[in-house]
>>> print(open('run22.cif').read())   # mmCIF, C-alpha atoms
data_start
loop_
_atom_site.label_atom_id
_atom_site.label_comp_id
_atom_site.auth_asym_id
_atom_site.auth_seq_id
_atom_site.Cartn_x
_atom_site.Cartn_y
_atom_site.Cartn_z
CA ASP A 49 92.92 -24.24 -36.52
CA ASP A 50 95.60 -21.68 -37.46
CA ASP A 51 95.52 -20.03 -34.00
CA ASP A 52 96.61 -23.30 -32.35
CA SER A 53 99.57 -23.71 -34.69
CA LEU A 54 100.69 -20.14 -34.00
CA SER A 55 100.50 -20.58 -30.22
CA GLU A 56 102.65 -23.73 -30.45
CA HIS A 57 105.46 -21.61 -31.87
CA ALA A 58 104.93 -18.47 -29.80
CA LEU A 59 108.02 -17.24 -28.02
CA PHE A 60 108.02 -14.89 -25.04
CA ARG A 61 110.85 -12.40 -25.22
CA GLY A 62 109.86 -9.81 -22.65
CA VAL A 63 107.43 -7.17 -21.50
CA PHE A 64 108.24 -3.62 -20.35
CA TRP A 65 106.02 -1.22 -18.45
CA ALA A 66 106.24 2.14 -16.73
CA PHE A 67 103.32 3.98 -15.17
CA SER A 68 102.60 7.54 -16.28
CA GLN A 69 102.60 8.71 -12.65
CA SER A 70 106.16 7.40 -12.27
CA ILE A 71 107.32 9.01 -15.50
CA GLN A 72 105.84 12.37 -14.48
CA GLY A 73 107.04 12.08 -10.88
CA PHE A 74 110.61 11.27 -11.88
CA GLN A 75 111.01 14.87 -13.06
CA HIS A 76 110.99 15.82 -9.36
CA CYS A 77 113.42 13.11 -8.20
CA ARG A 78 117.16 13.20 -7.80
CA PRO A 79 118.99 12.65 -11.11
CA LEU A 80 119.76 8.99 -10.56
CA ILE A 81 118.38 5.61 -11.58
CA VAL A 82 119.08 2.32 -9.83
CA VAL A 83 118.65 -0.86 -11.89
CA ASP A 84 118.57 -4.43 -10.64
CA THR A 85 117.07 -7.85 -11.33
CA LYS A 86 115.22 -10.43 -9.31
CA ASP A 87 114.80 -14.08 -10.21
CA LEU A 88 111.14 -15.05 -10.47
CA GLY A 89 110.19 -18.51 -9.35
CA GLY A 90 107.37 -20.64 -10.57
CA ARG A 91 106.79 -22.74 -13.65
CA TYR A 92 108.57 -20.34 -15.99
CA LYS A 93 111.95 -19.11 -14.80
CA MET A 94 112.08 -15.41 -15.63
CA LYS A 95 113.87 -12.25 -14.52
CA LEU A 96 112.15 -9.16 -13.18
CA MET A 97 114.14 -6.08 -14.19
CA VAL A 98 113.52 -3.01 -12.06
CA ALA A 99 114.49 0.64 -12.44
CA SER A 100 113.87 3.06 -9.62
CA GLY A 101 114.69 6.64 -8.86
CA VAL A 102 115.33 8.27 -5.51
CA ASP A 103 113.09 11.02 -4.22
CA ALA A 104 113.96 14.04 -2.09
CA VAL A 105 113.78 12.04 1.16
CA ASN A 106 116.00 9.24 -0.19
CA GLU A 107 113.14 6.77 -0.73
CA HIS A 108 113.08 4.53 -3.78
CA PHE A 109 110.71 5.76 -6.47
CA PRO A 110 109.50 3.02 -8.88
CA LEU A 111 110.14 3.94 -12.51
CA ALA A 112 110.02 0.97 -14.86
CA PHE A 113 109.80 -2.79 -14.90
CA ALA A 114 110.36 -5.61 -17.33
CA VAL A 115 110.03 -9.36 -17.30
CA THR A 116 112.46 -11.25 -19.52
CA LYS A 117 113.56 -14.82 -19.96
CA GLU A 118 117.10 -14.05 -18.88
CA GLY A 119 119.46 -11.25 -17.95
CA THR A 120 121.69 -11.02 -21.02
CA VAL A 121 123.43 -8.24 -22.91
CA ASP A 122 120.43 -8.13 -25.27
CA SER A 123 117.85 -7.92 -22.47
CA TRP A 124 119.84 -5.21 -20.65
CA ARG A 125 120.23 -3.25 -23.89
CA TRP A 126 116.47 -3.55 -24.50
CA PHE A 127 115.56 -2.57 -20.92
CA LEU A 128 117.94 0.40 -20.69
CA SER A 129 116.94 1.70 -24.13
CA ARG A 130 113.24 1.48 -23.19
CA ILE A 131 113.97 3.56 -20.08
CA ARG A 132 115.63 6.21 -22.26
CA GLU A 133 112.84 6.06 -24.82
CA LYS A 134 109.77 5.83 -22.57
CA VAL A 135 110.76 7.19 -19.13
CA THR A 136 113.40 9.91 -19.38
CA GLN A 137 115.67 11.63 -21.86
CA ARG A 138 117.25 13.64 -19.02
CA LYS A 139 120.99 14.24 -19.38
CA GLY A 140 123.50 13.98 -16.55
CA LEU A 141 121.83 11.05 -14.79
CA CYS A 142 123.72 8.74 -12.48
CA LEU A 143 123.03 5.09 -13.32
CA ILE A 144 123.67 2.74 -10.39
CA SER A 145 123.92 -0.99 -11.06
CA SER A 146 125.74 -4.11 -10.08
CA PRO A 147 129.11 -4.51 -11.82
CA HIS A 148 127.63 -7.28 -13.95
CA PRO A 149 129.59 -7.64 -17.23
CA ASP A 150 126.41 -7.56 -19.36
CA ILE A 151 125.35 -4.19 -17.92
CA VAL A 152 128.86 -2.76 -18.23
CA SER A 153 129.01 -3.95 -21.84
CA VAL A 154 125.72 -2.24 -22.74
CA VAL A 155 126.67 1.00 -20.99
CA ASN A 156 129.99 1.09 -22.86
CA GLU A 157 128.52 0.51 -26.33
CA PRO A 158 129.28 3.34 -28.80
CA GLU A 159 125.65 4.46 -29.16
CA SER A 160 124.79 4.13 -25.46
CA GLN A 161 122.98 7.01 -23.80
CA TRP A 162 124.19 5.73 -20.43
CA LYS A 163 127.74 7.03 -20.53
CA GLU A 164 129.20 10.49 -20.09
CA LEU A 165 127.82 13.16 -20.83
CA TRP A 166 124.42 11.52 -21.08
CA ALA A 167 124.87 9.69 -17.81
CA TYR A 168 127.45 8.55 -15.28
CA HIS A 169 127.59 4.85 -14.50
CA VAL A 170 128.61 3.72 -11.01
CA PHE A 171 128.38 0.46 -9.11
CA CYS A 172 126.18 -0.29 -6.14
CA LEU A 173 128.42 -0.69 -3.09
CA ASN A 174 126.11 -3.35 -1.62
CA HIS A 175 126.40 -5.46 -4.79
CA LEU A 176 130.17 -5.08 -4.83
CA SER A 177 130.67 -6.06 -1.18
CA SER A 178 128.24 -8.96 -1.59
CA GLN A 179 130.12 -10.20 -4.66
CA ILE A 180 133.50 -10.04 -2.95
CA HIS A 181 132.02 -12.02 -0.06
CA ASP A 182 130.61 -14.62 -2.47
CA VAL A 183 133.90 -14.97 -4.34
CA PHE A 184 136.27 -15.05 -1.34
CA GLN A 185 133.94 -16.27 1.47
CA ASP A 186 135.31 -13.71 3.92
CA HIS A 187 133.04 -11.27 5.73
CA SER A 188 135.97 -9.06 6.77
CA LEU A 189 136.75 -8.39 3.08
CA SER A 190 133.21 -7.22 2.36
CA SER A 191 133.41 -5.04 5.46
CA LEU A 192 136.60 -3.42 4.13
CA VAL A 193 134.89 -2.79 0.77
CA ASP A 194 131.97 -1.15 2.60
CA LYS A 195 134.31 1.04 4.63
CA ALA A 196 136.49 2.01 1.65
CA GLY A 197 133.45 2.76 -0.50
CA SER A 198 131.74 4.83 2.17
CA THR A 199 134.53 7.10 3.32
CA ILE A 200 134.97 10.59 1.92
CA LYS A 201 138.61 10.81 3.04
CA THR A 202 141.31 9.70 0.60
CA GLU A 203 143.66 8.65 3.43
CA GLU A 204 140.99 6.36 4.93
CA PHE A 205 140.21 4.85 1.52
CA ASP A 206 143.91 4.16 0.93
CA SER A 207 144.23 2.64 4.40
CA TYR A 208 141.30 0.25 3.86
CA MET A 209 142.65 -0.76 0.45
CA LYS A 210 146.12 -1.36 1.91
CA GLU A 211 144.59 -3.51 4.65
CA MET A 212 142.72 -5.53 2.03
CA LYS A 213 145.86 -5.97 -0.06
CA GLU A 214 147.77 -7.24 2.99
CA LYS A 215 144.92 -9.52 4.05
CA ASN A 216 144.15 -11.05 0.64
CA LEU A 217 146.08 -10.03 -2.48
CA GLU A 218 143.70 -11.89 -4.80
CA ALA A 219 140.68 -10.06 -3.36
CA TRP A 220 142.50 -6.75 -3.76
CA LYS A 221 143.27 -7.61 -7.41
CA TRP A 222 139.64 -8.60 -7.97
CA LEU A 223 138.42 -5.26 -6.58
CA ASP A 224 141.12 -3.35 -8.48
CA GLN A 225 139.41 -4.25 -11.78
CA PHE A 226 136.74 -1.68 -10.87
CA PRO A 227 137.98 1.93 -10.93
CA PRO A 228 137.42 3.50 -7.49
CA HIS A 229 135.47 6.42 -8.97
CA HIS A 230 132.85 3.87 -10.07
CA TRP A 231 132.14 2.60 -6.55
CA ALA A 232 133.75 4.76 -3.85
#
>>> encode(input="run22.cif", output="structure tokens")
Amino acid sequence: DDDDSLSEHALFRGVFWAFSQSIQGFQHCRPLIVVDTKDLGGRYKMKLMVASGVDAVNEHFPLAFAVTKEGTVDSWRWFLSRIREKVTQRKGLCLISSPHPDIVSVVNEPESQWKELWAYHVFCLNHLSSQIHDVFQDHSLSSLVDKAGSTIKTEEFDSYMKEMKEKNLEAWKWLDQFPPHHWA
């Protein structure tokens, strides 16, 4: 049977969905989108990609979802372009993500609609402090990142960064690869 031979060679690439209520409701949300992934367990190892907005009372507002085989440059390009195509064409959005190289690569592509003036890409402070903890195994470093990223005073930011540099030069260098205006 021809159907059996086709199913033997079928390949799952991904599925994207966004509910019309979310698309319509996003017009009334703050102009920002947070994207992240979650590993899905089970027989087939997949990634759940999630995009959410933030409403007027700072609650997450679900926008779009995708399931893909892996989180690669291609899957991020596909997911972010589907958001622009299906969910919003709004200019001036703030895109918040982890500083993952695949996401940064897609955002910085010449035809990307996720860089200035279409959007402003920044990094999630929680992801950044978690990553510095994972890399350097030091809770005090992630605490300094949280403090530096949360302050609105330049002097305090500089003080936290100086303290980090004195405590662990390699951690300071690692964090210095990310421009402060992208995370603080």
>>> atom_distance(input="run22.cif", atom1="CA of Cys77 (chain A)", atom2="CA of Ala104 (chain A)")
6.2 Å
>>> residues_around(input="run22.cif", residues="Lys134 (chain A)", least_positions_apart="5", cutoff="12 Å", atoms="all atoms listed in the file", output="PyMOL selection string")
chain A and resi 64-68+70-72+111-113+126-129
>>> write_last_selection(input="run22.cif", atoms="C-alpha atoms", output="PDB file, in the coordinates of the input")
ATOM      1  CA  PHE A  64     108.240  -3.620 -20.350  1.00  0.00           C
ATOM      2  CA  TRP A  65     106.020  -1.220 -18.450  1.00  0.00           C
ATOM      3  CA  ALA A  66     106.240   2.140 -16.730  1.00  0.00           C
ATOM      4  CA  PHE A  67     103.320   3.980 -15.170  1.00  0.00           C
ATOM      5  CA  SER A  68     102.600   7.540 -16.280  1.00  0.00           C
ATOM      6  CA  SER A  70     106.160   7.400 -12.270  1.00  0.00           C
ATOM      7  CA  ILE A  71     107.320   9.010 -15.500  1.00  0.00           C
ATOM      8  CA  GLN A  72     105.840  12.370 -14.480  1.00  0.00           C
ATOM      9  CA  LEU A 111     110.140   3.940 -12.510  1.00  0.00           C
ATOM     10  CA  ALA A 112     110.020   0.970 -14.860  1.00  0.00           C
ATOM     11  CA  PHE A 113     109.800  -2.790 -14.900  1.00  0.00           C
ATOM     12  CA  TRP A 126     116.470  -3.550 -24.500  1.00  0.00           C
ATOM     13  CA  PHE A 127     115.560  -2.570 -20.920  1.00  0.00           C
ATOM     14  CA  LEU A 128     117.940   0.400 -20.690  1.00  0.00           C
ATOM     15  CA  SER A 129     116.940   1.700 -24.130  1.00  0.00           C
TER      16      SER A 129
END
>>> residues_around(input="run22.cif", residues="region 115-123 of chain A", least_positions_apart="4", cutoff="7 Å", atoms="all atoms listed in the file", output="number ranges by chain")
A: 61-64, 93-97, 127, 150-151, 154
>>> atom_distance(input="run22.cif", atom1="CA of Gln75 (chain A)", atom2="CA of Val102 (chain A)")
10.9 Å
>>> atom_distance(input="run22.cif", atom1="CA of Gly73 (chain A)", atom2="CA of Glu157 (chain A)")
28.9 Å
>>> resolve_selection(input="run22.cif", expression="the PyMOL selection byres ((chain A and resi 163) around 12)", output="PDB file with C-alpha atoms, keeping the file's coordinate frame")
ATOM      1  CA  LEU A 128     117.940   0.400 -20.690  1.00  0.00           C
ATOM      2  CA  LYS A 139     120.990  14.240 -19.380  1.00  0.00           C
ATOM      3  CA  GLY A 140     123.500  13.980 -16.550  1.00  0.00           C
ATOM      4  CA  LEU A 141     121.830  11.050 -14.790  1.00  0.00           C
ATOM      5  CA  CYS A 142     123.720   8.740 -12.480  1.00  0.00           C
ATOM      6  CA  LEU A 143     123.030   5.090 -13.320  1.00  0.00           C
ATOM      7  CA  ILE A 144     123.670   2.740 -10.390  1.00  0.00           C
ATOM      8  CA  ILE A 151     125.350  -4.190 -17.920  1.00  0.00           C
ATOM      9  CA  VAL A 152     128.860  -2.760 -18.230  1.00  0.00           C
ATOM     10  CA  SER A 153     129.010  -3.950 -21.840  1.00  0.00           C
ATOM     11  CA  VAL A 154     125.720  -2.240 -22.740  1.00  0.00           C
ATOM     12  CA  VAL A 155     126.670   1.000 -20.990  1.00  0.00           C
ATOM     13  CA  ASN A 156     129.990   1.090 -22.860  1.00  0.00           C
ATOM     14  CA  GLU A 157     128.520   0.510 -26.330  1.00  0.00           C
ATOM     15  CA  PRO A 158     129.280   3.340 -28.800  1.00  0.00           C
ATOM     16  CA  GLU A 159     125.650   4.460 -29.160  1.00  0.00           C
ATOM     17  CA  SER A 160     124.790   4.130 -25.460  1.00  0.00           C
ATOM     18  CA  GLN A 161     122.980   7.010 -23.800  1.00  0.00           C
ATOM     19  CA  TRP A 162     124.190   5.730 -20.430  1.00  0.00           C
ATOM     20  CA  GLU A 164     129.200  10.490 -20.090  1.00  0.00           C
ATOM     21  CA  LEU A 165     127.820  13.160 -20.830  1.00  0.00           C
ATOM     22  CA  TRP A 166     124.420  11.520 -21.080  1.00  0.00           C
ATOM     23  CA  ALA A 167     124.870   9.690 -17.810  1.00  0.00           C
ATOM     24  CA  TYR A 168     127.450   8.550 -15.280  1.00  0.00           C
ATOM     25  CA  HIS A 169     127.590   4.850 -14.500  1.00  0.00           C
ATOM     26  CA  VAL A 170     128.610   3.720 -11.010  1.00  0.00           C
TER      27      VAL A 170
END
>>> closest_residue(input="run22.cif", among="A:Val105, A:Leu80, A:Val183, A:Ile200", to="Trp220 (chain A)", atoms="all atoms listed in the file")
A:Val183
>>> closest_residue(input="run22.cif", among="A:Pro227, A:Gly90, A:Gly197, A:Gly101", to="Ile131 (chain A)", atoms="only C-alpha atoms")
A:Gly101
>>> closest_residue(input="run22.cif", among="A:Pro228, A:Ser145, A:Leu189, A:Thr136", to="Thr202 (chain A)", atoms="all atoms listed in the file")
A:Pro228
>>> closest_residue(input="run22.cif", among="A:Ala99, A:Ala219, A:Lys195, A:Pro149", to="Ile180 (chain A)", atoms="all atoms listed in the file")
A:Ala219
>>> closest_residue(input="run22.cif", among="A:Ala232, A:Pro147, A:Ser177, A:His76", to="Glu204 (chain A)", atoms="only C-alpha atoms")
A:Ala232
>>> closest_residue(input="run22.cif", among="A:Phe74, A:Trp124, A:Trp231, A:Tyr208", to="Arg138 (chain A)", atoms="only C-alpha atoms")
A:Phe74
>>> resolve_selection(input="run22.cif", expression="the PyMOL selection byres ((chain A and resi 191) around 12)", output="PyMOL selection string")
chain A and resi 173-174+176-181+185-190+192-198+208-209+211-212
>>> write_last_selection(input="run22.cif", atoms="C-alpha atoms", output="mmCIF file, in the frame of the given file")
data_model
loop_
_atom_site.group_PDB
_atom_site.id
_atom_site.type_symbol
_atom_site.label_atom_id
_atom_site.label_comp_id
_atom_site.auth_asym_id
_atom_site.auth_seq_id
_atom_site.Cartn_x
_atom_site.Cartn_y
_atom_site.Cartn_z
ATOM 1 C CA LEU A 173 128.420 -0.690 -3.090
ATOM 2 C CA ASN A 174 126.110 -3.350 -1.620
ATOM 3 C CA LEU A 176 130.170 -5.080 -4.830
ATOM 4 C CA SER A 177 130.670 -6.060 -1.180
ATOM 5 C CA SER A 178 128.240 -8.960 -1.590
ATOM 6 C CA GLN A 179 130.120 -10.200 -4.660
ATOM 7 C CA ILE A 180 133.500 -10.040 -2.950
ATOM 8 C CA HIS A 181 132.020 -12.020 -0.060
ATOM 9 C CA GLN A 185 133.940 -16.270 1.470
ATOM 10 C CA ASP A 186 135.310 -13.710 3.920
ATOM 11 C CA HIS A 187 133.040 -11.270 5.730
ATOM 12 C CA SER A 188 135.970 -9.060 6.770
ATOM 13 C CA LEU A 189 136.750 -8.390 3.080
ATOM 14 C CA SER A 190 133.210 -7.220 2.360
ATOM 15 C CA LEU A 192 136.600 -3.420 4.130
ATOM 16 C CA VAL A 193 134.890 -2.790 0.770
ATOM 17 C CA ASP A 194 131.970 -1.150 2.600
ATOM 18 C CA LYS A 195 134.310 1.040 4.630
ATOM 19 C CA ALA A 196 136.490 2.010 1.650
ATOM 20 C CA GLY A 197 133.450 2.760 -0.500
ATOM 21 C CA SER A 198 131.740 4.830 2.170
ATOM 22 C CA TYR A 208 141.300 0.250 3.860
ATOM 23 C CA MET A 209 142.650 -0.760 0.450
ATOM 24 C CA GLU A 211 144.590 -3.510 4.650
ATOM 25 C CA MET A 212 142.720 -5.530 2.030
#
